[in-house]
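For reference, run.tsv is printed below; it contains TSV, N, CA and C atoms.
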chain	number	residue	atom	x	y	z
A	207	GLN	N	115.46	117.90	119.62
A	207	GLN	CA	115.10	119.30	119.50
A	207	GLN	C	116.16	120.13	120.19
A	208	GLU	N	116.70	121.07	119.42
A	208	GLU	CA	117.72	121.94	119.98
A	208	GLU	C	117.09	122.92	120.97
A	209	GLN	N	117.84	123.24	122.01
A	209	GLN	CA	117.38	124.23	122.97
A	209	GLN	C	118.47	125.24	123.23
A	210	LEU	N	118.06	126.49	123.28
A	210	LEU	CA	118.97	127.58	123.58
A	210	LEU	C	118.43	128.32	124.80
A	211	VAL	N	119.29	128.57	125.75
A	211	VAL	CA	118.87	129.25	126.98
A	211	VAL	C	119.81	130.42	127.24
A	212	GLU	N	119.24	131.64	127.18
A	212	GLU	CA	120.03	132.84	127.44
A	212	GLU	C	120.02	133.17	128.93
A	213	SER	N	121.06	133.84	129.36
A	213	SER	CA	121.13	134.36	130.72
A	213	SER	C	122.07	135.55	130.73
A	214	GLY	N	122.02	136.32	131.82
A	214	GLY	CA	122.95	137.42	131.99
A	214	GLY	C	122.38	138.79	131.76
A	215	GLY	N	121.13	138.88	131.33
A	215	GLY	CA	120.52	140.18	131.16
A	215	GLY	C	120.27	140.87	132.48
A	216	GLY	N	119.89	142.14	132.41
A	216	GLY	CA	119.60	142.87	133.63
A	216	GLY	C	119.59	144.36	133.40
A	217	LEU	N	119.65	145.09	134.51
A	217	LEU	CA	119.64	146.55	134.48
A	217	LEU	C	121.04	147.05	134.78
A	218	VAL	N	121.51	147.98	133.95
A	218	VAL	CA	122.85	148.53	134.13
A	218	VAL	C	122.81	150.01	133.77
A	219	GLN	N	123.68	150.78	134.38
A	219	GLN	CA	123.76	152.21	134.05
A	219	GLN	C	124.56	152.42	132.76
A	220	ALA	N	124.28	153.52	132.11
A	220	ALA	CA	125.02	153.86	130.89
A	220	ALA	C	126.52	153.86	131.18
A	221	GLY	N	127.28	153.28	130.27
A	221	GLY	CA	128.71	153.16	130.45
A	221	GLY	C	129.14	151.85	131.08
A	222	GLY	N	128.17	151.10	131.58
A	222	GLY	CA	128.46	149.84	132.25
A	222	GLY	C	128.59	148.68	131.28
A	223	SER	N	128.73	147.49	131.86
A	223	SER	CA	128.95	146.28	131.07
A	223	SER	C	128.04	145.15	131.54
A	224	LEU	N	127.76	144.26	130.62
A	224	LEU	CA	127.05	143.02	130.93
A	224	LEU	C	127.62	141.93	130.03
A	225	ARG	N	127.52	140.68	130.49
A	225	ARG	CA	127.88	139.56	129.66
A	225	ARG	C	126.70	138.61	129.55
A	226	LEU	N	126.25	138.41	128.34
A	226	LEU	CA	125.17	137.47	128.08
A	226	LEU	C	125.76	136.10	127.75
A	227	SER	N	125.04	135.07	128.16
A	227	SER	CA	125.44	133.70	127.85
A	227	SER	C	124.30	133.01	127.13
A	228	CYS	N	124.64	132.07	126.28
A	228	CYS	CA	123.65	131.27	125.57
A	228	CYS	C	124.12	129.82	125.60
A	229	ALA	N	123.42	129.01	126.36
A	229	ALA	CA	123.76	127.60	126.47
A	229	ALA	C	122.99	126.82	125.41
A	230	HIS	N	123.71	125.97	124.69
A	230	HIS	CA	123.12	125.21	123.60
A	230	HIS	C	123.09	123.73	123.98
A	231	SER	N	121.97	123.06	123.71
A	231	SER	CA	121.82	121.67	124.14
A	231	SER	C	122.50	120.69	123.20
A	232	ALA	N	122.88	121.11	122.01
A	232	ALA	CA	123.37	120.18	121.00
A	232	ALA	C	124.79	119.72	121.30
A	233	ARG	N	125.03	118.45	121.06
A	233	ARG	CA	126.37	117.91	121.20
A	233	ARG	C	127.27	118.37	120.06
A	234	THR	N	126.61	118.84	118.99
A	234	THR	CA	127.37	119.29	117.82
A	234	THR	C	127.45	120.80	117.79
A	235	PHE	N	127.47	121.44	118.93
A	235	PHE	CA	127.47	122.89	119.05
A	235	PHE	C	128.52	123.54	118.16
A	236	ARG	N	129.68	122.93	118.09
A	236	ARG	CA	130.78	123.56	117.36
A	236	ARG	C	130.48	123.70	115.88
A	237	ARG	N	129.49	122.97	115.37
A	237	ARG	CA	129.16	123.03	113.95
A	237	ARG	C	128.19	124.16	113.62
A	238	PHE	N	127.58	124.73	114.65
A	238	PHE	CA	126.54	125.72	114.42
A	238	PHE	C	127.12	127.13	114.28
A	239	ILE	N	126.53	127.89	113.38
A	239	ILE	CA	126.71	129.33	113.36
A	239	ILE	C	125.82	129.89	114.47
A	240	MET	N	126.37	130.78	115.27
A	240	MET	CA	125.62	131.33	116.41
A	240	MET	C	125.50	132.83	116.28
A	241	GLY	N	124.35	133.34	116.68
A	241	GLY	CA	124.15	134.78	116.55
A	241	GLY	C	123.39	135.37	117.72
A	242	TRP	N	123.53	136.68	117.88
A	242	TRP	CA	122.75	137.47	118.83
A	242	TRP	C	121.95	138.50	118.03
A	243	PHE	N	120.67	138.56	118.34
A	243	PHE	CA	119.78	139.55	117.76
A	243	PHE	C	119.08	140.27	118.89
A	244	ARG	N	118.56	141.46	118.61
A	244	ARG	CA	117.88	142.20	119.66
A	244	ARG	C	116.64	142.90	119.10
A	245	GLN	N	115.71	143.14	120.01
A	245	GLN	CA	114.44	143.72	119.60
A	245	GLN	C	113.90	144.63	120.68
A	246	THR	N	113.45	145.81	120.27
A	246	THR	CA	112.78	146.74	121.16
A	246	THR	C	111.31	146.79	120.79
A	247	PRO	N	110.44	147.18	121.72
A	247	PRO	CA	108.99	147.20	121.43
A	247	PRO	C	108.67	148.04	120.20
A	248	GLY	N	107.86	147.48	119.32
A	248	GLY	CA	107.44	148.19	118.13
A	248	GLY	C	108.45	148.20	117.00
A	249	GLN	N	109.60	147.58	117.24
A	249	GLN	CA	110.63	147.55	116.22
A	249	GLN	C	110.87	146.12	115.75
A	250	GLU	N	111.42	146.00	114.57
A	250	GLU	CA	111.78	144.67	114.08
A	250	GLU	C	113.04	144.19	114.80
A	251	ARG	N	113.15	142.90	114.89
A	251	ARG	CA	114.35	142.31	115.49
A	251	ARG	C	115.54	142.60	114.57
A	252	GLU	N	116.66	142.96	115.17
A	252	GLU	CA	117.82	143.34	114.37
A	252	GLU	C	119.05	142.55	114.77
A	253	PHE	N	119.95	142.42	113.83
A	253	PHE	CA	121.18	141.70	114.05
A	253	PHE	C	122.11	142.50	114.97
A	254	ALA	N	122.80	141.80	115.87
A	254	ALA	CA	123.78	142.45	116.73
A	254	ALA	C	125.18	141.88	116.48
A	255	ALA	N	125.30	140.55	116.57
A	255	ALA	CA	126.61	139.92	116.39
A	255	ALA	C	126.44	138.46	116.04
A	256	ALA	N	127.44	137.89	115.40
A	256	ALA	CA	127.40	136.47	115.05
A	256	ALA	C	128.82	135.92	115.03
A	257	ILE	N	128.89	134.60	115.18
A	257	ILE	CA	130.18	133.92	115.14
A	257	ILE	C	130.01	132.65	114.33
A	258	GLY	N	130.91	132.42	113.42
A	258	GLY	CA	130.83	131.25	112.57
A	258	GLY	C	131.12	129.97	113.32
A	259	SER	N	130.84	128.86	112.66
A	259	SER	CA	131.12	127.57	113.26
A	259	SER	C	132.63	127.40	113.46
A	260	SER	N	132.96	126.51	114.36
A	260	SER	CA	134.38	126.26	114.60
A	260	SER	C	135.03	125.65	113.38
A	261	TRP	N	134.25	124.92	112.60
A	261	TRP	CA	134.79	124.32	111.37
A	261	TRP	C	135.23	125.37	110.38
A	262	SER	N	134.58	126.53	110.42
A	262	SER	CA	134.91	127.59	109.46
A	262	SER	C	135.82	128.65	110.05
A	263	GLY	N	136.34	128.39	111.24
A	263	GLY	CA	137.28	129.33	111.82
A	263	GLY	C	136.68	130.33	112.78
A	264	ALA	N	135.38	130.19	113.06
A	264	ALA	CA	134.71	131.04	114.04
A	264	ALA	C	134.88	132.53	113.74
A	265	LYS	N	134.67	132.89	112.51
A	265	LYS	CA	134.74	134.30	112.12
A	265	LYS	C	133.63	135.08	112.80
A	266	THR	N	133.94	136.31	113.20
A	266	THR	CA	132.95	137.11	113.90
A	266	THR	C	132.40	138.23	113.01
A	267	TYR	N	131.16	138.61	113.32
A	267	TYR	CA	130.46	139.63	112.57
A	267	TYR	C	129.77	140.55	113.58
A	268	TYR	N	129.73	141.84	113.30
A	268	TYR	CA	129.11	142.79	114.20
A	268	TYR	C	128.30	143.83	113.42
A	269	ALA	N	127.18	144.22	114.00
A	269	ALA	CA	126.46	145.38	113.49
A	269	ALA	C	127.29	146.63	113.75
A	270	ASP	N	127.17	147.61	112.88
A	270	ASP	CA	127.94	148.84	113.05
A	270	ASP	C	127.67	149.49	114.41
A	271	SER	N	126.44	149.37	114.88
A	271	SER	CA	126.04	150.03	116.12
A	271	SER	C	126.72	149.45	117.36
A	272	VAL	N	127.25	148.24	117.26
A	272	VAL	CA	127.88	147.62	118.43
A	272	VAL	C	129.37	147.36	118.24
A	273	LYS	N	129.85	147.58	117.05
A	273	LYS	CA	131.25	147.29	116.74
A	273	LYS	C	132.17	148.11	117.64
A	274	GLY	N	133.15	147.44	118.20
A	274	GLY	CA	134.08	148.10	119.10
A	274	GLY	C	133.64	148.11	120.55
A	275	ARG	N	132.39	147.78	120.80
A	275	ARG	CA	131.87	147.75	122.18
A	275	ARG	C	131.48	146.35	122.61
A	276	PHE	N	130.98	145.54	121.68
A	276	PHE	CA	130.53	144.18	121.98
A	276	PHE	C	131.54	143.18	121.43
A	277	THR	N	131.68	142.07	122.14
A	277	THR	CA	132.55	140.98	121.69
A	277	THR	C	131.81	139.66	121.82
A	278	ILE	N	131.71	138.95	120.71
A	278	ILE	CA	131.06	137.64	120.71
A	278	ILE	C	132.13	136.56	120.77
A	279	SER	N	131.84	135.49	121.49
A	279	SER	CA	132.79	134.39	121.59
A	279	SER	C	132.02	133.10	121.84
A	280	ARG	N	132.73	131.99	121.71
A	280	ARG	CA	132.10	130.69	121.95
A	280	ARG	C	133.08	129.79	122.68
A	281	ASP	N	132.54	128.95	123.54
A	281	ASP	CA	133.33	127.96	124.26
A	281	ASP	C	132.74	126.60	123.92
A	282	ASN	N	133.36	125.90	123.00
A	282	ASN	CA	132.81	124.64	122.54
A	282	ASN	C	132.83	123.57	123.64
A	283	ALA	N	133.76	123.67	124.56
A	283	ALA	CA	133.82	122.70	125.65
A	283	ALA	C	132.60	122.82	126.56
A	284	LYS	N	132.02	124.00	126.60
A	284	LYS	CA	130.83	124.23	127.45
A	284	LYS	C	129.56	124.38	126.64
A	285	ASP	N	129.65	124.24	125.32
A	285	ASP	CA	128.48	124.41	124.44
A	285	ASP	C	127.78	125.74	124.72
A	286	THR	N	128.57	126.77	124.85
A	286	THR	CA	128.03	128.07	125.26
A	286	THR	C	128.63	129.19	124.42
A	287	MET	N	127.79	130.16	124.11
A	287	MET	CA	128.20	131.36	123.41
A	287	MET	C	128.04	132.54	124.35
A	288	TYR	N	128.88	133.54	124.16
A	288	TYR	CA	128.84	134.72	125.03
A	288	TYR	C	128.76	136.00	124.19
A	289	LEU	N	128.21	137.02	124.83
A	289	LEU	CA	128.26	138.37	124.26
A	289	LEU	C	128.69	139.31	125.38
A	290	GLN	N	129.92	139.77	125.30
A	290	GLN	CA	130.42	140.75	126.25
A	290	GLN	C	130.05	142.13	125.73
A	291	MET	N	129.29	142.87	126.53
A	291	MET	CA	128.80	144.18	126.11
A	291	MET	C	129.40	145.24	127.02
A	292	ASN	N	130.19	146.12	126.45
A	292	ASN	CA	130.83	147.20	127.19
A	292	ASN	C	130.32	148.55	126.70
A	293	SER	N	130.57	149.57	127.49
A	293	SER	CA	130.16	150.94	127.12
A	293	SER	C	128.71	150.99	126.67
A	294	LEU	N	127.86	150.37	127.46
A	294	LEU	CA	126.45	150.31	127.10
A	294	LEU	C	125.81	151.68	127.17
A	295	ASN	N	124.86	151.91	126.30
A	295	ASN	CA	124.09	153.15	126.29
A	295	ASN	C	122.61	152.82	126.22
A	296	PRO	N	121.74	153.77	126.50
A	296	PRO	CA	120.29	153.48	126.53
A	296	PRO	C	119.77	152.90	125.22
A	297	GLU	N	120.41	153.20	124.12
A	297	GLU	CA	119.97	152.66	122.82
A	297	GLU	C	120.20	151.16	122.71
A	298	ASP	N	120.96	150.60	123.62
A	298	ASP	CA	121.20	149.15	123.63
A	298	ASP	C	120.09	148.40	124.37
A	299	THR	N	119.18	149.13	124.99
A	299	THR	CA	118.08	148.50	125.70
A	299	THR	C	117.21	147.70	124.74
A	300	ALA	N	117.02	146.43	125.03
A	300	ALA	CA	116.27	145.54	124.14
A	300	ALA	C	116.17	144.16	124.78
A	301	VAL	N	115.35	143.33	124.18
A	301	VAL	CA	115.39	141.90	124.48
A	301	VAL	C	116.42	141.29	123.53
A	302	TYR	N	117.36	140.57	124.10
A	302	TYR	CA	118.42	139.95	123.31
A	302	TYR	C	118.13	138.46	123.15
A	303	TYR	N	118.19	138.01	121.90
A	303	TYR	CA	117.92	136.62	121.58
A	303	TYR	C	119.17	135.97	121.01
A	304	CYS	N	119.45	134.77	121.44
A	304	CYS	CA	120.50	134.02	120.78
A	304	CYS	C	119.85	133.06	119.79
A	305	ALA	N	120.59	132.72	118.76
A	305	ALA	CA	120.07	131.88	117.68
A	305	ALA	C	121.17	130.99	117.13
A	306	ALA	N	120.74	129.87	116.57
A	306	ALA	CA	121.69	128.90	116.02
A	306	ALA	C	121.27	128.50	114.61
A	307	ALA	N	122.25	128.40	113.74
A	307	ALA	CA	121.99	128.00	112.36
A	307	ALA	C	122.88	126.82	112.00
A	308	GLN	N	122.29	125.81	111.42
A	308	GLN	CA	123.07	124.65	110.99
A	308	GLN	C	123.82	124.96	109.70
A	309	TYR	N	123.21	125.74	108.86
A	309	TYR	CA	123.83	126.10	107.60
A	309	TYR	C	123.56	127.56	107.32
A	310	GLY	N	124.35	128.17	106.51
A	310	GLY	CA	124.08	129.55	106.15
A	310	GLY	C	125.29	130.20	105.56
A	311	SER	N	125.04	131.19	104.75
A	311	SER	CA	126.12	131.93	104.12
A	311	SER	C	126.16	133.37	104.56
A	312	THR	N	125.10	133.79	105.25
A	312	THR	CA	125.01	135.18	105.69
A	312	THR	C	124.61	135.20	107.17
A	313	PRO	N	125.57	135.14	108.07
A	313	PRO	CA	125.27	135.07	109.50
A	313	PRO	C	124.51	136.28	110.03
A	314	THR	N	124.46	137.37	109.27
A	314	THR	CA	123.73	138.55	109.72
A	314	THR	C	122.24	138.46	109.42
A	315	ASN	N	121.85	137.45	108.64
A	315	ASN	CA	120.45	137.31	108.21
A	315	ASN	C	119.70	136.38	109.15
A	316	GLN	N	118.75	136.90	109.89
A	316	GLN	CA	118.04	136.09	110.88
A	316	GLN	C	117.23	134.97	110.25
A	317	ARG	N	116.90	135.08	108.97
A	317	ARG	CA	116.13	134.04	108.31
A	317	ARG	C	116.92	132.75	108.15
A	318	GLU	N	118.21	132.82	108.30
A	318	GLU	CA	119.03	131.63	108.14
A	318	GLU	C	119.15	130.83	109.44
A	319	TYR	N	118.58	131.34	110.51
A	319	TYR	CA	118.71	130.68	111.81
A	319	TYR	C	117.54	129.73	112.05
A	320	ASP	N	117.89	128.56	112.58
A	320	ASP	CA	116.90	127.51	112.77
A	320	ASP	C	116.32	127.46	114.18
A	321	TYR	N	117.09	127.86	115.15
A	321	TYR	CA	116.67	127.73	116.55
A	321	TYR	C	116.89	129.06	117.28
A	322	TRP	N	115.98	129.33	118.21
A	322	TRP	CA	116.01	130.60	118.93
A	322	TRP	C	115.80	130.37	120.42
A	323	GLY	N	116.44	131.21	121.21
A	323	GLY	CA	116.19	131.20	122.64
A	323	GLY	C	114.98	132.04	122.98
A	324	GLN	N	114.66	132.08	124.26
A	324	GLN	CA	113.46	132.79	124.71
A	324	GLN	C	113.69	134.28	124.90
A	325	GLY	N	114.95	134.70	124.90
A	325	GLY	CA	115.27	136.11	125.05
A	325	GLY	C	115.59	136.50	126.48
A	326	THR	N	116.45	137.49	126.61
A	326	THR	CA	116.78	138.03	127.93
A	326	THR	C	116.78	139.55	127.83
A	327	GLN	N	116.19	140.20	128.82
A	327	GLN	CA	116.03	141.65	128.78
A	327	GLN	C	117.31	142.34	129.25
A	328	VAL	N	117.73	143.32	128.46
A	328	VAL	CA	118.83	144.20	128.84
A	328	VAL	C	118.28	145.62	128.88
A	329	THR	N	118.43	146.27	130.02
A	329	THR	CA	117.96	147.63	130.20
A	329	THR	C	119.12	148.50	130.63
A	330	VAL	N	119.36	149.58	129.88
A	330	VAL	CA	120.45	150.50	130.19
A	330	VAL	C	119.83	151.84	130.57
A	331	SER	N	120.08	152.27	131.79
A	331	SER	CA	119.53	153.53	132.27
A	331	SER	C	120.52	154.66	132.02
A	332	SER	N	119.96	155.83	131.79
A	332	SER	CA	120.82	157.00	131.50
A	332	SER	C	121.21	157.73	132.77

Conversion result in structure tokens:
Amino acid sequence: QEQLVESGGGLVQAGGSLRLSCAHSARTFRRFIMGWFRQTPGQEREFAAAIGSSWSGAKTYYADSVKGRFTISRDNAKDTMYLQMNSLNPEDTAVYYCAAAQYGSTPTNQREYDYWGQGTQVTVSS
């Protein structure tokens, strides 16, 4: 059973930065498509960023709302994915979930993801 564990959430002032981490238990981490999604109360979970498997060149994808401010990356030696979040604003406040997909053609589609972490809260104060 795959396990994903997020960390790095917290409270930050607008304009600040945070780095989220997602540790993956699989030995085949490099084969997985990895993504970050976020959800605020009363809203549907939405795509934030994704990175392709290392086999496919680790192409990155970003939602328009985070493009230019967030950077997704992966360290296969540590079986860990990261989300560097800069220039945070209150609209970024959400629970952030990491997810892993064994297969998929649309990394922005949460339905293609097989495994999910428990989520980490990010709160940006104005």

Practice item. With a distance cut-off of 6 Å and all atoms listed in the file, select the neighbouring residues of A:Ser223, excluding the residue or stretch itself and same-chain residues fewer than 2 positions from it, and output the selection as an NGL selection string. Key: :A and (221 or 225 or 291-294)

Stretch 277-312 of chain A residues near stretch 249-272 of chain A within 8 Å, closest pair each, using only C-alpha atoms, as JSON lines:
{"residue": "A:Ile278", "atom": "CA", "partner": "A:Ala255", "partner_atom": "CA", "distance": 6.6}
{"residue": "A:Ser279", "atom": "CA", "partner": "A:Ile257", "partner_atom": "CA", "distance": 7.0}
{"residue": "A:Arg280", "atom": "CA", "partner": "A:Ile257", "partner_atom": "CA", "distance": 7.8}

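In terms of minimum interatomic distance to A:Asp320, A:Gln308 ranks closest within A:Asn295, A:Gln308, A:Gln219, A:Thr277, counting all atoms listed in the file.
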
Check your understanding: A:Val328, A:Phe276, A:Trp322, A:Pro247: which is nearest A:Val211, counting all atoms listed in the file?
Key -> A:Trp322

Review point. Looking only at the backbone, which of the residues in chain A does DSSP tag as strand (DSSP E), as a PyMOL selection string?
Key: chain A and resi 210-213+216-219+224-230+239-245+252-257+266-268+276-281+286-291+300-307+321-322+326-331

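For A:Ser213, the residues within 6.5 Å (counting all atoms listed in the file, excluding itself and residues fewer than 3 positions away along the chain) are Arg225, Leu226, Ser227, Cys228, Ala229 and Thr326 of chain A.
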
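Distances to A:Met240 were evaluated for A:Gly222, A:Asn315, A:Gly215, A:Glu297 using only C-alpha atoms, and the minimum falls at A:Asn315.
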
Give me stretch 263-288 of chain A with N, CA, C and O atoms filled in, as an mmCIF file, in the coordinates of the input.
data_model
loop_
_atom_site.group_PDB
_atom_site.id
_atom_site.type_symbol
_atom_site.label_atom_id
_atom_site.label_comp_id
_atom_site.auth_asym_id
_atom_site.auth_seq_id
_atom_site.Cartn_x
_atom_site.Cartn_y
_atom_site.Cartn_z
ATOM 1 N N GLY A 263 136.340 128.390 111.240
ATOM 2 C CA GLY A 263 137.280 129.330 111.820
ATOM 3 C C GLY A 263 136.680 130.330 112.780
ATOM 4 O O GLY A 263 137.364 131.235 113.255
ATOM 5 N N ALA A 264 135.380 130.190 113.060
ATOM 6 C CA ALA A 264 134.710 131.040 114.040
ATOM 7 C C ALA A 264 134.880 132.530 113.740
ATOM 8 O O ALA A 264 135.166 133.330 114.631
ATOM 9 N N LYS A 265 134.670 132.890 112.510
ATOM 10 C CA LYS A 265 134.740 134.300 112.120
ATOM 11 C C LYS A 265 133.630 135.080 112.800
ATOM 12 O O LYS A 265 132.521 134.572 112.971
ATOM 13 N N THR A 266 133.940 136.310 113.200
ATOM 14 C CA THR A 266 132.950 137.110 113.900
ATOM 15 C C THR A 266 132.400 138.230 113.010
ATOM 16 O O THR A 266 133.073 138.713 112.100
ATOM 17 N N TYR A 267 131.160 138.610 113.320
ATOM 18 C CA TYR A 267 130.460 139.630 112.570
ATOM 19 C C TYR A 267 129.770 140.550 113.580
ATOM 20 O O TYR A 267 129.236 140.072 114.580
ATOM 21 N N TYR A 268 129.730 141.840 113.300
ATOM 22 C CA TYR A 268 129.110 142.790 114.200
ATOM 23 C C TYR A 268 128.300 143.830 113.420
ATOM 24 O O TYR A 268 128.698 144.258 112.341
ATOM 25 N N ALA A 269 127.180 144.220 114.000
ATOM 26 C CA ALA A 269 126.460 145.380 113.490
ATOM 27 C C ALA A 269 127.290 146.630 113.750
ATOM 28 O O ALA A 269 128.032 146.696 114.746
ATOM 29 N N ASP A 270 127.170 147.610 112.880
ATOM 30 C CA ASP A 270 127.940 148.840 113.050
ATOM 31 C C ASP A 270 127.670 149.490 114.410
ATOM 32 O O ASP A 270 128.553 150.104 115.004
ATOM 33 N N SER A 271 126.440 149.370 114.880
ATOM 34 C CA SER A 271 126.040 150.030 116.120
ATOM 35 C C SER A 271 126.720 149.450 117.360
ATOM 36 O O SER A 271 126.740 150.100 118.401
ATOM 37 N N VAL A 272 127.250 148.240 117.260
ATOM 38 C CA VAL A 272 127.880 147.620 118.430
ATOM 39 C C VAL A 272 129.370 147.360 118.240
ATOM 40 O O VAL A 272 130.060 146.986 119.195
ATOM 41 N N LYS A 273 129.850 147.580 117.050
ATOM 42 C CA LYS A 273 131.250 147.290 116.740
ATOM 43 C C LYS A 273 132.170 148.110 117.640
ATOM 44 O O LYS A 273 131.964 149.305 117.840
ATOM 45 N N GLY A 274 133.150 147.440 118.200
ATOM 46 C CA GLY A 274 134.080 148.100 119.100
ATOM 47 C C GLY A 274 133.640 148.110 120.550
ATOM 48 O O GLY A 274 134.438 148.418 121.442
ATOM 49 N N ARG A 275 132.390 147.780 120.800
ATOM 50 C CA ARG A 275 131.870 147.750 122.180
ATOM 51 C C ARG A 275 131.480 146.350 122.610
ATOM 52 O O ARG A 275 131.597 145.997 123.790
ATOM 53 N N PHE A 276 130.980 145.540 121.680
ATOM 54 C CA PHE A 276 130.530 144.180 121.980
ATOM 55 C C PHE A 276 131.540 143.180 121.430
ATOM 56 O O PHE A 276 132.151 143.402 120.377
ATOM 57 N N THR A 277 131.680 142.070 122.140
ATOM 58 C CA THR A 277 132.550 140.980 121.690
ATOM 59 C C THR A 277 131.810 139.660 121.820
ATOM 60 O O THR A 277 131.348 139.312 122.913
ATOM 61 N N ILE A 278 131.710 138.950 120.710
ATOM 62 C CA ILE A 278 131.060 137.640 120.710
ATOM 63 C C ILE A 278 132.130 136.560 120.770
ATOM 64 O O ILE A 278 133.210 136.710 120.180
ATOM 65 N N SER A 279 131.840 135.490 121.490
ATOM 66 C CA SER A 279 132.790 134.390 121.590
ATOM 67 C C SER A 279 132.020 133.100 121.840
ATOM 68 O O SER A 279 130.833 133.124 122.139
ATOM 69 N N ARG A 280 132.730 131.990 121.710
ATOM 70 C CA ARG A 280 132.100 130.690 121.950
ATOM 71 C C ARG A 280 133.080 129.790 122.680
ATOM 72 O O ARG A 280 134.297 129.858 122.454
ATOM 73 N N ASP A 281 132.540 128.950 123.540
ATOM 74 C CA ASP A 281 133.330 127.960 124.260
ATOM 75 C C ASP A 281 132.740 126.600 123.920
ATOM 76 O O ASP A 281 131.711 126.207 124.491
ATOM 77 N N ASN A 282 133.360 125.900 123.000
ATOM 78 C CA ASN A 282 132.810 124.640 122.540
ATOM 79 C C ASN A 282 132.830 123.570 123.640
ATOM 80 O O ASN A 282 132.003 122.667 123.645
ATOM 81 N N ALA A 283 133.760 123.670 124.560
ATOM 82 C CA ALA A 283 133.820 122.700 125.650
ATOM 83 C C ALA A 283 132.600 122.820 126.560
ATOM 84 O O ALA A 283 132.188 121.839 127.197
ATOM 85 N N LYS A 284 132.020 124.000 126.600
ATOM 86 C CA LYS A 284 130.830 124.230 127.450
ATOM 87 C C LYS A 284 129.560 124.380 126.640
ATOM 88 O O LYS A 284 128.502 124.664 127.212
ATOM 89 N N ASP A 285 129.650 124.240 125.320
ATOM 90 C CA ASP A 285 128.480 124.410 124.440
ATOM 91 C C ASP A 285 127.780 125.740 124.720
ATOM 92 O O ASP A 285 126.555 125.813 124.795
ATOM 93 N N THR A 286 128.570 126.770 124.850
ATOM 94 C CA THR A 286 128.030 128.070 125.260
ATOM 95 C C THR A 286 128.630 129.190 124.420
ATOM 96 O O THR A 286 129.822 129.162 124.084
ATOM 97 N N MET A 287 127.790 130.160 124.110
ATOM 98 C CA MET A 287 128.200 131.360 123.410
ATOM 99 C C MET A 287 128.040 132.540 124.350
ATOM 100 O O MET A 287 127.160 132.522 125.229
ATOM 101 N N TYR A 288 128.880 133.540 124.160
ATOM 102 C CA TYR A 288 128.840 134.720 125.030
ATOM 103 C C TYR A 288 128.760 136.000 124.190
ATOM 104 O O TYR A 288 129.199 136.044 123.048
#
